[in-house]
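Participant: One file: upload32.csv (CSV, C-alpha atoms).
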```csv
chain,number,residue,atom,x,y,z
O,17,ARG,CA,10.7,-16.2,27.1
O,18,ALA,CA,7.4,-14.5,26.6
O,19,SER,CA,6.1,-11.6,28.6
O,20,LEU,CA,2.3,-11.2,29.1
O,21,LYS,CA,0.3,-8.2,30.1
O,22,ILE,CA,-3.4,-8.9,30.9
O,23,THR,CA,-6.3,-6.7,31.9
O,24,GLY,CA,-9.6,-8.2,32.7
O,25,ARG,CA,-12.9,-7.7,34.5
O,26,GLU,CA,-14.2,-11.1,35.6
O,27,THR,CA,-11.5,-13.5,34.6
O,28,GLU,CA,-9.6,-16.4,36.2
O,29,PRO,CA,-6.2,-16.5,34.5
O,30,ARG,CA,-4.0,-19.5,34.9
O,31,ILE,CA,-0.5,-18.9,33.5
O,32,ASP,CA,2.4,-21.3,33.4
O,33,SER,CA,6.0,-21.2,32.2
O,34,VAL,CA,6.5,-17.7,30.7
O,35,ARG,CA,9.2,-15.2,31.5
O,36,ARG,CA,7.2,-12.2,33.0
O,37,VAL,CA,3.6,-11.5,33.9
O,38,GLU,CA,1.7,-8.4,34.6
O,39,ILE,CA,-2.0,-8.8,35.5
O,40,LYS,CA,-4.7,-6.3,36.5
O,41,ASN,CA,-8.0,-8.0,37.2
O,42,LEU,CA,-11.2,-6.6,38.7
O,43,GLY,CA,-12.6,-10.0,39.9
O,44,GLY,CA,-11.5,-13.6,39.9
O,45,ASN,CA,-8.7,-15.8,41.2
O,46,VAL,CA,-5.2,-15.6,39.7
O,47,PHE,CA,-2.9,-18.7,39.4
O,48,LEU,CA,0.7,-18.3,38.3
O,49,ARG,CA,3.5,-20.9,38.2
O,50,ASN,CA,7.0,-21.2,36.7
O,51,ILE,CA,7.3,-17.5,36.0
O,52,SER,CA,11.0,-16.8,35.7
O,53,GLY,CA,11.4,-13.1,35.3
O,54,GLY,CA,9.0,-11.3,37.7
O,55,ILE,CA,5.3,-10.9,38.5
O,56,VAL,CA,3.0,-7.9,39.1
O,57,ALA,CA,-0.5,-9.2,39.8
O,58,SER,CA,-3.5,-7.5,41.3
O,59,THR,CA,-7.2,-8.5,41.6
O,60,TYR,CA,-10.0,-6.7,43.3
O,61,GLU,CA,-11.9,-9.7,44.5
O,62,GLY,CA,-10.1,-13.1,44.4
O,63,ASP,CA,-7.1,-15.1,45.6
O,64,VAL,CA,-3.6,-14.8,44.1
O,65,SER,CA,-1.5,-18.0,44.1
O,66,VAL,CA,2.2,-18.1,42.9
O,67,GLU,CA,4.3,-21.2,42.7
O,68,ASN,CA,7.9,-22.0,41.6
O,69,SER,CA,8.6,-18.5,40.3
O,70,SER,CA,11.4,-16.0,40.5
O,71,GLY,CA,12.2,-12.3,40.1
O,72,GLN,CA,10.7,-9.3,41.7
O,73,ILE,CA,7.1,-10.2,42.8
O,74,VAL,CA,4.3,-7.8,43.7
O,75,LEU,CA,0.9,-9.3,44.6
O,76,ASP,CA,-2.2,-7.3,45.6
O,77,THR,CA,-5.8,-8.2,46.3
O,78,SER,CA,-8.6,-6.2,48.0
O,79,THR,CA,-10.7,-9.2,49.1
O,80,GLY,CA,-8.9,-12.5,48.9
O,81,ASN,CA,-6.0,-14.6,50.1
O,82,ILE,CA,-2.4,-14.6,48.9
O,83,LEU,CA,-0.4,-17.8,48.7
O,84,ALA,CA,3.2,-18.0,47.5
O,85,PHE,CA,5.6,-21.0,47.8
O,86,GLU,CA,8.9,-21.9,46.3
O,87,VAL,CA,9.7,-18.4,45.0
O,88,ALA,CA,13.1,-16.6,44.9
O,89,PRO,CA,14.7,-13.5,43.5
O,90,GLY,CA,16.3,-13.7,40.1
O,91,GLN,CA,18.8,-11.0,40.9
O,92,ILE,CA,20.2,-9.3,44.0
O,93,GLY,CA,17.9,-6.6,45.3
O,94,GLU,CA,14.7,-7.9,43.9
O,95,VAL,CA,11.9,-7.7,46.5
O,96,PHE,CA,8.7,-9.7,47.3
O,97,LYS,CA,5.6,-7.7,48.3
O,98,ALA,CA,2.1,-9.1,49.2
O,99,LYS,CA,-0.8,-7.0,50.3
O,100,THR,CA,-4.5,-7.8,50.9
O,101,SER,CA,-7.2,-5.7,52.6
O,102,ASN,CA,-9.3,-8.7,53.7
O,103,GLY,CA,-7.6,-12.1,53.6
O,104,ALA,CA,-4.8,-14.2,54.8
O,105,ILE,CA,-1.2,-14.3,53.5
O,106,THR,CA,0.7,-17.6,53.4
O,107,LEU,CA,4.4,-17.6,52.4
O,108,GLN,CA,6.3,-20.9,52.2
O,109,ASN,CA,9.9,-21.0,51.1
O,110,VAL,CA,9.9,-17.4,49.9
O,111,ASN,CA,13.7,-16.8,49.5
O,112,HIS,CA,13.8,-13.1,48.8
O,113,ARG,CA,16.0,-11.1,51.2
O,114,GLN,CA,13.4,-8.3,51.3
O,115,ILE,CA,9.8,-9.3,52.1
O,116,ASP,CA,6.9,-6.9,52.8
O,117,ALA,CA,3.6,-8.6,53.7
O,118,SER,CA,0.6,-6.8,55.0
O,119,SER,CA,-3.1,-7.5,55.6
O,120,ILE,CA,-5.7,-5.2,57.2
O,121,THR,CA,-8.0,-8.1,58.2
O,122,GLY,CA,-6.3,-11.5,58.1
O,123,SER,CA,-3.6,-13.7,59.5
O,124,LEU,CA,0.0,-14.0,58.2
O,125,LEU,CA,2.0,-17.2,58.1
O,126,PHE,CA,5.7,-17.4,57.1
O,127,ASN,CA,7.3,-20.8,56.8
O,128,GLY,CA,11.0,-20.5,55.8
O,129,LYS,CA,14.3,-19.0,56.6
O,130,PHE,CA,15.5,-15.5,57.4
O,131,LEU,CA,18.6,-14.9,55.3
O,132,SER,CA,21.6,-13.0,56.5
O,133,GLY,CA,21.3,-9.3,55.8
O,134,GLY,CA,17.6,-9.6,54.9
O,135,ILE,CA,14.8,-7.1,55.8
O,136,TYR,CA,11.4,-8.6,56.6
O,137,GLY,CA,8.2,-6.9,57.5
O,138,PHE,CA,4.9,-8.6,58.5
O,139,LYS,CA,1.9,-6.4,59.5
O,140,THR,CA,-1.8,-7.0,60.1
O,141,GLN,CA,-4.3,-4.7,61.8
O,142,LYS,CA,-6.6,-7.6,62.8
O,143,GLY,CA,-5.1,-11.0,62.7
O,144,SER,CA,-2.3,-13.2,64.1
O,145,ILE,CA,1.2,-13.6,62.8
O,146,LYS,CA,2.9,-17.0,62.8
O,147,LEU,CA,6.5,-17.7,61.9
O,148,ALA,CA,7.7,-21.3,61.3
O,149,ILE,CA,11.5,-20.8,61.2
O,150,PRO,CA,14.6,-23.0,62.0
O,151,ALA,CA,15.7,-23.2,65.6
O,152,ALA,CA,19.1,-21.9,64.6
O,153,SER,CA,17.7,-18.7,63.1
O,154,SER,CA,19.7,-15.5,63.4
O,155,CYS,CA,17.6,-12.3,63.4
O,156,GLN,CA,16.6,-9.2,65.4
O,157,VAL,CA,12.9,-9.0,65.8
O,158,SER,CA,11.1,-5.7,66.5
O,159,ALA,CA,7.5,-6.5,67.5
O,160,TRP,CA,4.4,-4.3,68.2
O,161,TYR,CA,1.5,-6.5,69.2
O,162,GLY,CA,-1.3,-4.4,70.7
O,163,TYR,CA,-2.8,-6.3,73.6
O,164,GLY,CA,-2.0,-9.9,72.3
O,165,THR,CA,0.8,-12.1,73.4
O,166,ILE,CA,4.1,-13.4,71.9
O,167,ASN,CA,4.9,-17.1,72.1
O,168,SER,CA,8.3,-18.5,71.1
O,169,GLU,CA,9.5,-22.1,71.2
O,170,ILE,CA,13.0,-20.8,70.3
O,171,PRO,CA,15.2,-19.2,73.0
O,172,MET,CA,15.5,-15.5,72.5
O,173,LYS,CA,17.3,-12.6,74.2
O,174,ILE,CA,14.9,-9.8,75.0
O,175,GLU,CA,16.7,-6.5,74.5
O,176,THR,CA,13.8,-4.1,75.3
O,177,GLU,CA,10.2,-4.5,76.3
O,178,ASN,CA,7.6,-1.8,76.8
O,179,ILE,CA,3.9,-1.7,77.8
O,180,SER,CA,1.8,1.4,77.3
O,181,GLU,CA,-1.8,2.4,76.9
O,182,GLY,CA,-1.4,1.9,73.1
O,183,GLY,CA,-0.2,-1.7,73.5
O,184,LYS,CA,3.0,-3.7,73.9
O,185,SER,CA,6.3,-3.6,72.0
O,186,MET,CA,9.5,-5.7,72.2
O,187,VAL,CA,12.9,-6.0,70.6
O,188,ALA,CA,14.5,-9.5,70.8
O,189,ARG,CA,17.5,-11.2,69.2
O,190,PHE,CA,18.0,-14.7,67.9
O,191,GLY,CA,21.6,-15.7,67.3
O,192,ASP,CA,23.7,-12.8,66.1
O,193,GLY,CA,20.7,-10.9,64.7
O,194,SER,CA,22.0,-10.8,61.1
O,195,ALA,CA,18.4,-10.4,59.6
O,196,LYS,CA,16.0,-7.6,60.6
O,197,VAL,CA,12.4,-8.6,61.2
O,198,THR,CA,9.5,-6.2,62.0
O,199,LEU,CA,6.2,-7.6,63.2
O,200,ALA,CA,3.0,-5.6,64.0
O,201,THR,CA,-0.5,-6.7,64.9
O,202,SER,CA,-3.3,-4.9,66.7
O,203,ASN,CA,-6.2,-5.8,69.0
O,204,ASP,CA,-5.8,-9.0,71.0
O,205,GLU,CA,-4.0,-11.1,68.3
O,206,ASP,CA,-0.9,-13.2,68.9
O,207,ILE,CA,2.5,-13.5,67.4
O,208,THR,CA,4.1,-17.0,67.4
O,209,TRP,CA,7.4,-18.3,66.2
O,210,PRO,CA,7.8,-22.1,66.6
O,211,PHE,CA,10.6,-24.3,65.3
O,212,GLU,CA,10.5,-25.2,61.7
O,213,PHE,CA,9.2,-28.8,61.3
O,214,ASP,CA,10.6,-30.8,58.4
```
Would you write the structure of this file as structure tokens?
Facilitator:
Amino acid sequence: RASLKITGRETEPRIDSVRRVEIKNLGGNVFLRNISGGIVASTYEGDVSVENSSGQIVLDTSTGNILAFEVAPGQIGEVFKAKTSNGAITLQNVNHRQIDASSITGSLLFNGKFLSGGIYGFKTQKGSIKLAIPAASSCQVSAWYGYGTINSEIPMKIETENISEGGKSMVARFGDGSAKVTLATSNDEDITWPFEFD
């Protein structure tokens, strides 16, 4: 039931089994697991990894990757945010109904389910976006993808599709569209949503 607040310069904190954590680190990797009541973690240069945790989660790194798996909200309305300027973001079984993940230079991977009524945003300026979701997913996807391509192994209903000098955009629906998903990538990068493999 402890809460920790840590500020460091060149540290590599590894924290396990406390209630809440707030970390501000100038350099070094951050490893967090079994945090039950929320996380705010930022590091200037380094990776951020979160495992088996719950609550509102905000992760930020300037140069590094973000990895989160088996995380969930503790209460209704709690959000998950992940942001990196230069690095990849990998989210596996992140069960928040509101997810905002963005990278300036790096790919994004989401492996999980879109929950009914959820709002999901995935954005990268230079990188690909890959979604590994169940074939029976229900969501409306609004995608802007520069000059790349969209590949889907799941049947989708395209509602609108536009091509302009600034790039391409599309709105598509899977099932009844109960979740709202926004995808954006620039340059010649791709967006892919295959089936979820067990």
Participant: Using CA of Ala57 (chain O) and CA of Ala18 (chain O) as the two end points, give the distance in Å to one decimal.
Facilitator: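 These two atoms are separated by 16.3 Å.
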Participant: Hey, which of O:Ser154, O:Ser69, O:Thr106, O:Asn111 ends up closest to Ser123 (chain O)? Count all atoms listed in the file.
Facilitator: O:Thr106
Participant: Quick one: of O:Thr59, O:Ser118, O:Thr100, O:Thr198, who's nearest to Gly134 (chain O), counting all atoms listed in the file?
Facilitator: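 Between O:Thr59, O:Ser118, O:Thr100, O:Thr198, the residue approaching Gly134 (chain O) most closely is O:Thr198.
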Participant: Could you check which of O:Glu86, O:Asp192, O:Glu169, O:Glu177 is closest to Cys155 (chain O), using all atoms listed in the file?
Facilitator: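 Answer, going by the shortest atom-to-atom distance: O:Asp192.
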Participant: What lies within 12 Å of Ile179 (chain O) using only C-alpha atoms, ignoring chain neighbours under 3 positions off, as a VMD selection string?
Facilitator: chain O and resid 159 to 165 176 182 to 186
Participant: Taking 2 positions as the minimum chain separation for residues in the same chain, which residues sit within 9 Å of Glu28 (chain O) when counting all atoms listed in the file? Answer as a list of chain:residue names.
Facilitator: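 Once the adjacent positions are removed, what remains is O:Gly24, O:Glu26, O:Arg30, O:Asn41, O:Gly43, O:Gly44, O:Asn45, O:Val46, O:Phe47, O:Gly62.
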Participant: Could you please determine the separation between CA of Ser65 (chain O) and CA of Ser168 (chain O) in Å, to one decimal place?
Facilitator: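 Between CA of Ser65 (chain O) and CA of Ser168 (chain O) the gap is 28.7 Å.
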Participant: Quick one: everything within 8 Å of Ser33 (chain O), counting all atoms listed in the file, minus sequence neighbours fewer than 4 positions away in the same chain. Send it as a list in words.
Facilitator: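 Within the cut-off, the hits are Arg49, Asn50, Ile51 and Ser52 of chain O.
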Participant: Mind writing the picked residues with C-alpha atoms as a PDB file, keeping the file's coordinate frame?
Facilitator:
```
ATOM      1  CA  ARG O  49       3.500 -20.900  38.200  1.00  0.00           C
ATOM      2  CA  ASN O  50       7.000 -21.200  36.700  1.00  0.00           C
ATOM      3  CA  ILE O  51       7.300 -17.500  36.000  1.00  0.00           C
ATOM      4  CA  SER O  52      11.000 -16.800  35.700  1.00  0.00           C
TER       5      SER O  52
END
```
Participant: Can you pull out every residue within 9 Å of His112 (chain O), counting only C-alpha atoms, but drop anything in the same chain fewer than 3 positions away, and send it as a ChimeraX atom specification?
Facilitator: /O:71-72,87-89,92-96,115,131,134
Participant: If you measure from CA of Gly90 (chain O) to CA of Leu20 (chain O), what distance in Å do you get, rounded to one decimal?
Facilitator: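 CA of Gly90 (chain O) sits 18.0 Å away from CA of Leu20 (chain O).
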Participant: Taking (1.9, -8.3, 38.4) in the coordinates of the supplied file, I want to know which residues reach to within 7 Å of it, counting only C-alpha atoms; could you give the answer as a list in words?
Facilitator: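 Residues with an atom at most 7 Å from (1.9, -8.3, 38.4): Val37, Glu38, Ile39, Ile55, Val56, Ala57, Ser58, Val74 and Leu75 of chain O.
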Participant: Restricting the calculation to all atoms listed in the file: of O:Gln114, O:Asn109, O:Asn167, O:Gln156, which residue gets closest to Lys97 (chain O)?
Facilitator: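 Distance minimum relative to Lys97 (chain O) lands on O:Gln114.
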Participant: Around the point (5.5, -20.1, 56.9) in the file's coordinates, collect all residues with an atom within 12 Å, using all atoms listed in the file, and return them as a compact mmCIF listing (two decimals) with C-alpha atoms, keeping the file's coordinate frame.
Facilitator:
```txt
# COMPACT_ATOMS: atom_id res chain seq x y z
CA LEU O 83 -0.40 -17.80 48.70
CA ALA O 84 3.20 -18.00 47.50
CA PHE O 85 5.60 -21.00 47.80
CA GLU O 86 8.90 -21.90 46.30
CA ILE O 105 -1.20 -14.30 53.50
CA THR O 106 0.70 -17.60 53.40
CA LEU O 107 4.40 -17.60 52.40
CA GLN O 108 6.30 -20.90 52.20
CA ASN O 109 9.90 -21.00 51.10
CA VAL O 110 9.90 -17.40 49.90
CA ASN O 111 13.70 -16.80 49.50
CA SER O 123 -3.60 -13.70 59.50
CA LEU O 124 0.00 -14.00 58.20
CA LEU O 125 2.00 -17.20 58.10
CA PHE O 126 5.70 -17.40 57.10
CA ASN O 127 7.30 -20.80 56.80
CA GLY O 128 11.00 -20.50 55.80
CA LYS O 129 14.30 -19.00 56.60
CA PHE O 130 15.50 -15.50 57.40
CA PHE O 138 4.90 -8.60 58.50
CA ILE O 145 1.20 -13.60 62.80
CA LYS O 146 2.90 -17.00 62.80
CA LEU O 147 6.50 -17.70 61.90
CA ALA O 148 7.70 -21.30 61.30
CA ILE O 149 11.50 -20.80 61.20
CA PRO O 150 14.60 -23.00 62.00
CA THR O 208 4.10 -17.00 67.40
CA TRP O 209 7.40 -18.30 66.20
CA PRO O 210 7.80 -22.10 66.60
CA PHE O 211 10.60 -24.30 65.30
CA GLU O 212 10.50 -25.20 61.70
CA PHE O 213 9.20 -28.80 61.30
CA ASP O 214 10.60 -30.80 58.40
```
Participant: Taking all atoms listed in the file into account, which of O:Gly53, O:Thr121, O:Ser144, O:Thr77 comes nearest Gln91 (chain O)?
Facilitator: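 The shortest atom-to-atom distance to Gln91 (chain O) comes from O:Gly53.
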Participant: Generate the missing atoms of region 91-116 of chain O up to N, CA, C and O atoms and report them as a short mmCIF file (atom, residue, chain, number, x, y, z; two decimals), in the coordinates of the input.
Facilitator:
```
data_model
loop_
_atom_site.label_atom_id
_atom_site.label_comp_id
_atom_site.auth_asym_id
_atom_site.auth_seq_id
_atom_site.Cartn_x
_atom_site.Cartn_y
_atom_site.Cartn_z
N GLN O 91 17.64 -11.80 40.75
CA GLN O 91 18.80 -11.00 40.90
C GLN O 91 18.90 -10.37 42.25
O GLN O 91 17.87 -10.25 42.94
N ILE O 92 20.07 -9.96 42.65
CA ILE O 92 20.20 -9.30 44.00
C ILE O 92 19.42 -8.04 44.02
O ILE O 92 19.42 -7.25 43.08
N GLY O 93 18.71 -7.84 45.12
CA GLY O 93 17.90 -6.60 45.30
C GLY O 93 16.49 -6.71 44.94
O GLY O 93 15.73 -5.78 45.22
N GLU O 94 16.08 -7.79 44.30
CA GLU O 94 14.70 -7.90 43.90
C GLU O 94 13.84 -8.24 45.20
O GLU O 94 14.27 -9.00 46.06
N VAL O 95 12.66 -7.64 45.30
CA VAL O 95 11.90 -7.70 46.50
C VAL O 95 10.60 -8.56 46.27
O VAL O 95 10.18 -8.78 45.13
N PHE O 96 10.00 -8.98 47.37
CA PHE O 96 8.70 -9.70 47.30
C PHE O 96 7.74 -8.84 48.17
O PHE O 96 8.01 -8.55 49.34
N LYS O 97 6.60 -8.46 47.58
CA LYS O 97 5.60 -7.70 48.30
C LYS O 97 4.22 -8.39 48.13
O LYS O 97 3.86 -8.80 47.02
N ALA O 98 3.48 -8.49 49.23
CA ALA O 98 2.10 -9.10 49.20
C ALA O 98 1.23 -8.21 50.08
O ALA O 98 1.58 -7.91 51.23
N LYS O 99 0.08 -7.82 49.52
CA LYS O 99 -0.80 -7.00 50.30
C LYS O 99 -2.27 -7.36 49.99
O LYS O 99 -2.67 -7.54 48.83
N THR O 100 -3.06 -7.51 51.06
CA THR O 100 -4.50 -7.80 50.90
C THR O 100 -5.22 -6.94 51.98
O THR O 100 -4.72 -6.76 53.10
N SER O 101 -6.39 -6.45 51.63
CA SER O 101 -7.20 -5.70 52.60
C SER O 101 -7.98 -6.64 53.50
O SER O 101 -8.14 -6.40 54.69
N ASN O 102 -8.48 -7.74 52.92
CA ASN O 102 -9.30 -8.70 53.70
C ASN O 102 -9.00 -10.09 53.23
O ASN O 102 -9.58 -10.60 52.29
N GLY O 103 -8.05 -10.70 53.92
CA GLY O 103 -7.60 -12.10 53.60
C GLY O 103 -6.36 -12.44 54.26
O GLY O 103 -5.69 -11.61 54.88
N ALA O 104 -6.01 -13.71 54.17
CA ALA O 104 -4.80 -14.20 54.80
C ALA O 104 -3.66 -14.27 53.79
O ALA O 104 -3.87 -14.38 52.59
N ILE O 105 -2.44 -14.19 54.31
CA ILE O 105 -1.20 -14.30 53.50
C ILE O 105 -0.42 -15.49 54.01
O ILE O 105 -0.10 -15.56 55.19
N THR O 106 -0.11 -16.43 53.10
CA THR O 106 0.70 -17.60 53.40
C THR O 106 1.91 -17.63 52.55
O THR O 106 1.78 -17.68 51.33
N LEU O 107 3.09 -17.61 53.16
CA LEU O 107 4.40 -17.60 52.40
C LEU O 107 5.17 -18.82 52.87
O LEU O 107 5.48 -18.97 54.05
N GLN O 108 5.50 -19.68 51.91
CA GLN O 108 6.30 -20.90 52.20
C GLN O 108 7.48 -20.95 51.30
O GLN O 108 7.34 -20.96 50.07
N ASN O 109 8.66 -20.98 51.90
CA ASN O 109 9.90 -21.00 51.10
C ASN O 109 9.99 -19.85 50.14
O ASN O 109 10.26 -20.04 48.96
N VAL O 110 9.73 -18.66 50.64
CA VAL O 110 9.90 -17.40 49.90
C VAL O 110 11.34 -16.95 50.21
O VAL O 110 11.61 -16.55 51.35
N ASN O 111 12.24 -16.98 49.24
CA ASN O 111 13.70 -16.80 49.50
C ASN O 111 14.21 -15.44 49.12
O ASN O 111 15.41 -15.30 48.87
N HIS O 112 13.36 -14.43 49.05
CA HIS O 112 13.80 -13.10 48.80
C HIS O 112 14.43 -12.53 50.13
O HIS O 112 13.97 -12.87 51.23
N ARG O 113 15.42 -11.67 49.99
CA ARG O 113 16.00 -11.10 51.20
C ARG O 113 15.24 -9.85 51.66
O ARG O 113 15.53 -9.32 52.73
N GLN O 114 14.29 -9.40 50.88
CA GLN O 114 13.40 -8.30 51.30
C GLN O 114 11.98 -8.72 51.06
O GLN O 114 11.57 -8.90 49.91
N ILE O 115 11.22 -8.85 52.14
CA ILE O 115 9.80 -9.30 52.10
C ILE O 115 8.98 -8.27 52.84
O ILE O 115 9.29 -7.91 53.98
N ASP O 116 7.89 -7.82 52.22
CA ASP O 116 6.90 -6.90 52.80
C ASP O 116 5.55 -7.49 52.65
O ASP O 116 5.05 -7.55 51.53
#
```
